[in-house]
Structures are given as C-alpha cells and as structure tokens.
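Inspection log for the structure reproduced underneath, given as structure tokens.
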Amino acid sequence: MLAYIIRRLLLLPILLLGVTIFIFAFFSLLSPEMRASLYLTDVPKSPDAMERVIKKYGLDQPIHIQYWNWLNQVIRGNLGWSKTAQRPVSEALLYYLPATLELALWAMLPVLLVGIWLGILSAVHQDKLIDHTTRVFALVGWSFPTFVFGLLMLMYFYAKLQWFPPGQVSDWVTREVINGTFIRYTQLYTIDALIQGRFDVFLDSLRHIVLPVITLAYVQWALLLRVTRSSMLETLRQEYITTARAKGLSERVVINKHAARNAMIPVATIGGLLLINLLNGVVITETVFNYPGIGRWAATAAVQLDILGVLGFTLFNGFLLVVGNLVVDILYALIDPRVRLE
Amino acid sequence: MRTLNKLLKNPLSLTGIILVLFFAGVAIAAPWLAPPENPNEPYRIIRCGYLPMPQPPNSSNPLEGIWKIITREATICEARPFGLIESYDIYYGIVWGTRTAFFVGLVITGLNVLIGLIVGAIGAYFGRWLDELLMRITDIFLAFPFLVAAITMAAVLQPLIGRGLITAMIALIVFGWMSYARLIRGDILAIKERDYVYAAQAIGAPHSRILLRHIIPNAIYPTLVVGSMDIGSYVLSFAALSFLGLGAERGYADWGQIISFARDWIPRLSDYWYIVVYPGAAILLFVLGWNLIGDAFRDILDPRLRGRV
C-alpha cells in the first residue's frame, strides 16, 4: 500500500506539469501586446509603456522560455502577481481559501446526511411514492442551473423577505475585525465566533452562508442519492440479506446493520467526484452570492484573463484533485477488505 | 423497441419525452410563435425602446399576450407577455433561444463523442505507448475543473475570434470529450480480442477497415447512449458560461444571457421576478426533460437492477 501511495504521489508533479504546459500554450494564442495589456492597470501614459511591460515580463520571448522562467519561479515558491486579487497568487490562494473552506464544510453536512438518508429510504421503498418523490426532487436539483437556483433564493429570501443577504458578513462585523474587537484566529467566521463566544457574529455569518450552502447542496444531492440508491438496491438483492431476514431479524436491523453498511462502500468512491462538483459549484455559487471565496476569484481571474491567477488556481485544483482521489482510494481499501492497493 | 416501450410506460421518462417534444415544437414553430422583425437575423432579440430598466409584462396572464402575438392581433412590443430587460423582449428571446439550446446541446455532445471516439479507439486499438500517451493526456484534461477550464478557454478565445456561440462551444468541447474516450476505450479493449477481429486481421484487412467496419460499430452503442444523456448538462454548462458573460454576443437569443441581466438587479428581484423566472423555467424544464429520459434509460440498461428484491 505504501508503494502505491508513493507511486501516486510521484505522478502528481507530472500531471501538474502537463496541466500548466497546457495553460501556457493556451495563453500563447494571445499576442504579446494582448498579454502585456493584462499587466497594465491604467491607460499607458507613454507610447513605450507597452514595450517596457513586454520587456519586463519577457512576453516577446519564445513560449517555452517564458514557461521555463515561470517554472523556475514556482519552484522557489513564487507564483507571480494576480492582477484581479491585487496580491501575489500564493497569498491570494491563502486569502480566499478560508471562506470557501467554510462554505464547503457547511455544505458537506447536509449533502452527506440528507443524501445518504434519502438514498437509503428511496431504495428500501423502491417504486413507491417516496422513491419517486425523492428521485424527482434529486433530478430537478441536477437539472437546475446553479445560478438560476441561487437567484431564485436571493429573490425570495433576500429581496422579498430580507432574511438572508448575499456576501460573507455584515459591515459591522467587518468593522469589528478592522478595529480588532473581533479576532480571526482560524479565518472561519463561524468557528472564530464560537471560540470567542460571540453569538451575534455567529448568527450573522450563518445568515450569510445559509443560501449558498443550500444552493451548493441541492446540486450535489442528485449524484449522492443516485449512487446510494442503486448501491443499496444491489445490496438488498444479496443472499446474506435474505439469510438475515430468514433468521427473523427485524427489518430495521437488516437495513441498518446488514445492508446500509455494505451499500456505503461504492458511495465512498464518489468522494472524488463530489469534490470536483464542489469545486465547479463554488465558482458559480460564490459569483451569484458575491461570496468572497476562491471560486469567485477564479471566475473573475478567468474572465479578466489574469493568467497567473488562473495558473495558480489550476495548480491548486490539480493538487487537490490528485490528493483527494488518493485519500478516497485509501479510504476505500480501509472500508472494503476485498480491495488491495497495488 | 422494447427500450422505447419501457420509456413510454414509465411516468417519469414519459414526462421527459413530452418536455423534449414540447421544446422541439417551440423550436420548429419559432417564426410563427415570435415573428422576427428582420427575417435574415431572427436570433437578434427584438428591442422595444431603449430603457435599461426591466419593464413588466403587459398583462397578468402571459398566455393572453402570446395568443395576441400568434393571431397577429398585437406586435411583440405591444404584447410583451414576459416583460422586457434592457429593452430586450424576454418572450422573443426564450422562443428563439430554444433553437439555440438544441443547437448547442446537440453539436457539443456530437463533437465531444466524436473526439472521444477517435482518441479512445486509436488508443485501445494500437495499444502500447500510444495508448499510454493518449490516456495520460486524457488524465491531464481531467485534472482541470471543467467549468473553470471552460471559462478560461472561452475568455482566451474571446479576444481572438470575438464573442459568440462558437467561442463558448469550443471551450466546452475542448474539456468535454474525456469521459467518452475512456468509455469507448474500455469497450474496444474487450471487443478487439474477439474472434471476428482476429479473422479480419488474418485475411490482411487494413487497420482502418477493421476499426471502422468491425470494431467501432460493435462498441459505440454505450457511448452514444451516455452521450445522449449528457445533452442536458451541456446546455447547463453553456448557460453558466453565458451567465458569466462568456456566451453568445449581446442581444443574441440565448437563455443564459437573459438571466445574466438579472445580476444587476439583485436587491430588487422581487419586483423584477420575470427576468429570472421565465428564462430560468425554460432552462430547467429543457434540461429536466433530457435528464428524466436519461435517468430512466440508465435504469433500463443497468443489468444489476433487474430481478426482484
């Protein structure tokens, strides 16, 4: 197993190399002037300003040399300057990550609990009303464009009822952070508020996070529900389930102890897929709710052609996906003794 | 045929079929449902005036307005059944946007399956280092988060070939073919060991003939089915790009773009609900239709779910 883990981790730099070469090739489609204009923050004041930017960043050099220069810097931990974040890329990642992490952690809770519970319920009552209802519910979620769902939520719960505003926290919380009366130890507002016993801040950040969490969760449910349901259906057809029933065990014990546990094994494998969905989901969700996380930054960076920002985000993503999939594989081997990693 | 029968008997997939047929009807009847001002440019949404503010529908019952347009009692601007945004008529945009949705969904899916087929078939058939290389390239493409990659691609292409349907579609094709390549590769790996393939090789048939006549026709069916089930999700991704301002050019009949105008009016959306609700319902129902069919399809084709509990 250790050999397997090491081999998978060795693949990581190769994969990231491929990904970044690809993005570089991508941006080399743009002319040096176009790329130079991405570095300008203002209308160039002198005619040679463009030239100077091109020279300074080596934008007229062959693309493989530019790539080599960038790679050299990356190895030293310098990911470059992000125009859209107005700070170095590595700092930008750290700056935006906590907000997204907070969102993702809060979203995972309802996704896992409700998704698995409804999936089991749906399988146990196959082709009954509850099965059809949950499947339609999940399919509608799967078919809902994230931004439409988000806008509808904002329309009702913000514009009409004024319950849940967009953004991350209210202005008065931001002022308290600046004044130093509220300290961000972990950078996660909800956790920090609990640590300091500030329930007003906790409630405020909760108010802001409810809608994006529901939006993220609703799209994810479909996948989880579907996998749980079909895995559960398959397990319920196994002979050991028949045996358990024949022994006279109660239906509750058969389903909870014998079926559900085994049905969870394939469910664990889609952990990686859930992660990818989440990463895609936060881009749109954070944009709609104006939530200052890594996804909104990525969308802005991509639309405004902030090359180094996009590269940094993609590196981060590739890393997260490879490590995430590895963790899923290891978990899988731990849950299911029949699986041996080689 | 048995599959179709099952699809028609299941209430969920029947609903899906009805939804897709309904949209197909709207797409075909578009010139009649919403007569264009300039027949040469039907996809340009009709503008009524120059006010940027959203304008409410002219009557509380939208069907009334639509009926007036169909019977030619009123022009689009007089009836405006779904209201206006940035002075674009929402009803007109939705009706002609149906054609855009079908076009985008079918073309993206078709090309993705085609590219996946080429990559997967070559890799599986010739094997060895070529297969290894192609699959590693596939892995690299899979390491991108689909949506962010597509956004970047569309953003890079925009200054090069201009904003338009094609830009967003290319972006979704470049990052969409991988799962089909993997699927068809697996199927071909199984089929290329069959006796009839060996027989064809033995009589000296060229590789192209073996691949095109013997292997691909026998391996392509599952990929085609999966592809057809993905049409809805490509329409969703395209709408997301449109929403971020990377879709069709301004004023083009495209559902995602109409909704993207709503971003400027979020605090007042309860008054301007019609910017989100009508085009949103169009996307939702269109995608739902495809997904309902796909979901039932998957159950029918999944052999593990046959038999009794």
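Ligands are numbered from 1 in the order shown, residues from 1 within each chain, and chains are lettered A, B, ... in the order they appear in the structure tokens.
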
Find the residues of region 108-192 of chain A that sit at most 10 Å from region 5-14 of chain B; for each, write down the nearest two atoms and how far apart they are in Å, to one decimal. Count only C-alpha atoms. Sort by chain, then by number going up, and give it as a Markdown table.
| residue | atom | partner | partner_atom | distance |
| --- | --- | --- | --- | --- |
| A:His132 | CA | B:Leu12 | CA | 8.5 |
| A:Arg135 | CA | B:Leu12 | CA | 9.5 |
| A:Val136 | CA | B:Leu12 | CA | 8.1 |

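Residues surrounding Pro266 (chain A) within 8 Å are Val227, Thr228 and Ser231 of chain A [only C-alpha atoms; sequence separation below 6 positions excluded].
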
Write down, as a short mmCIF file (atom, residue, chain, number, x, y, z; two decimals) with C-alpha atoms, in the first residue's frame, each residue of chain B that has any atom within 6 Å of an atom of chain A, counting only C-alpha atoms.
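Saved the output as part.cif:
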data_model
loop_
_atom_site.label_atom_id
_atom_site.label_comp_id
_atom_site.auth_asym_id
_atom_site.auth_seq_id
_atom_site.Cartn_x
_atom_site.Cartn_y
_atom_site.Cartn_z
CA ILE B 140 -4.31 15.90 -17.73
CA ALA B 143 -7.36 17.32 -13.83
CA LEU B 147 -16.18 24.79 -15.57
CA THR B 152 -10.60 30.30 -19.10
CA ALA B 155 -12.03 34.07 -22.07
CA LEU B 236 -26.46 23.82 -18.38
CA PRO B 267 -31.76 43.75 -4.44
CA ARG B 268 -34.96 44.44 -6.42
CA LEU B 269 -35.53 40.97 -7.84
CA SER B 270 -38.86 40.55 -6.05
CA GLY B 280 -34.99 30.06 -15.67
CA LEU B 284 -34.82 24.00 -16.02
CA VAL B 287 -32.61 20.11 -19.03
CA LEU B 288 -35.05 18.23 -16.82
CA VAL B 309 -36.00 -7.80 -4.34
#

Counting only C-alpha atoms, give me one row per residue of region 88-159 of chain B with an atom at most 9 Å from an atom of region 183-197 of chain B, showing the shortest contact pair and its distance in Å to one decimal, sorted by chain then residue number, as JSON lines.
{"residue": "B:Gly116", "atom": "CA", "partner": "B:Ile184", "partner_atom": "CA", "distance": 7.4}
{"residue": "B:Leu117", "atom": "CA", "partner": "B:Ile184", "partner_atom": "CA", "distance": 6.3}
{"residue": "B:Val119", "atom": "CA", "partner": "B:Arg185", "partner_atom": "CA", "distance": 8.2}
{"residue": "B:Gly120", "atom": "CA", "partner": "B:Arg185", "partner_atom": "CA", "distance": 4.4}
{"residue": "B:Ala121", "atom": "CA", "partner": "B:Arg185", "partner_atom": "CA", "distance": 5.8}
{"residue": "B:Ile122", "atom": "CA", "partner": "B:Arg185", "partner_atom": "CA", "distance": 8.4}
{"residue": "B:Gly123", "atom": "CA", "partner": "B:Arg185", "partner_atom": "CA", "distance": 6.9}
{"residue": "B:Ala124", "atom": "CA", "partner": "B:Arg185", "partner_atom": "CA", "distance": 5.2}
{"residue": "B:Tyr125", "atom": "CA", "partner": "B:Lys192", "partner_atom": "CA", "distance": 7.1}
{"residue": "B:Gly127", "atom": "CA", "partner": "B:Leu189", "partner_atom": "CA", "distance": 9.0}

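Near Phe103 (chain B), within 10 Å and counting only C-alpha atoms, sit Gly97, Thr109, Leu165 and Val235 of chain B; same-chain residues fewer than 6 positions away were not included.
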
For the residues selected in the previous step, produce a file with N, CA and C atoms as a PDB file, in the first residue's frame.
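Everything below was put into again.pdb:
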ATOM      1  N   GLY B  97     -34.457  31.250 -28.298  1.00  0.00           N
ATOM      2  CA  GLY B  97     -33.405  30.602 -27.518  1.00  0.00           C
ATOM      3  C   GLY B  97     -33.559  29.094 -27.487  1.00  0.00           C
ATOM      4  N   THR B 109     -22.450  17.837 -27.779  1.00  0.00           N
ATOM      5  CA  THR B 109     -22.433  16.417 -27.470  1.00  0.00           C
ATOM      6  C   THR B 109     -21.861  15.618 -28.630  1.00  0.00           C
ATOM      7  N   LEU B 165     -21.416  32.361 -29.991  1.00  0.00           N
ATOM      8  CA  LEU B 165     -21.779  30.995 -29.629  1.00  0.00           C
ATOM      9  C   LEU B 165     -20.572  30.077 -29.747  1.00  0.00           C
ATOM     10  N   VAL B 235     -26.095  21.853 -22.015  1.00  0.00           N
ATOM     11  CA  VAL B 235     -26.889  23.083 -22.102  1.00  0.00           C
ATOM     12  C   VAL B 235     -26.740  23.875 -20.804  1.00  0.00           C
TER      13      VAL B 235
END

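Backbone DSSP of region 5-218 of chain B yields strand (DSSP E or B) at Arg44, Arg47, Gln55, Leu84, Ile85, Tyr88 and Asp89 of chain B.
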
Those selected residues, please, written with C-alpha atoms and delivered as a PDB file, in the first residue's frame.
ATOM      1  CA  ARG B  44     -31.335  39.041 -32.729  1.00  0.00           C
ATOM      2  CA  ARG B  47     -35.797  45.599 -28.749  1.00  0.00           C
ATOM      3  CA  GLN B  55     -40.327  46.505 -17.848  1.00  0.00           C
ATOM      4  CA  LEU B  84     -38.549  43.415 -21.066  1.00  0.00           C
ATOM      5  CA  ILE B  85     -34.995  43.568 -19.731  1.00  0.00           C
ATOM      6  CA  TYR B  88     -34.951  43.185 -24.970  1.00  0.00           C
ATOM      7  CA  ASP B  89     -38.207  41.243 -25.225  1.00  0.00           C
TER       8      ASP B  89
END

Requested in this report: Enumerate the residues of region 28-262 of chain A with a DSSP assignment of alpha helix (DSSP H), computed from the backbone, and present them as a count of residues only.
Outcome: 155

Report summary line: note - CA of Met178 (chain B) and CA of Ser208 (chain B) are separated by 22.5 Å

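Coordinates place CA of Leu71 (chain A) at a distance of 11.7 Å from CA of Gly312 (chain A).
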
Report task. Skip region 20-31 of chain B itself and residues of its chain fewer than 5 positions away, then list as an NGL selection string all residues within 7 Å of it, counting only C-alpha atoms. Result -> :B and (36 or 95-96 or 98-99 or 286 or 289-290)
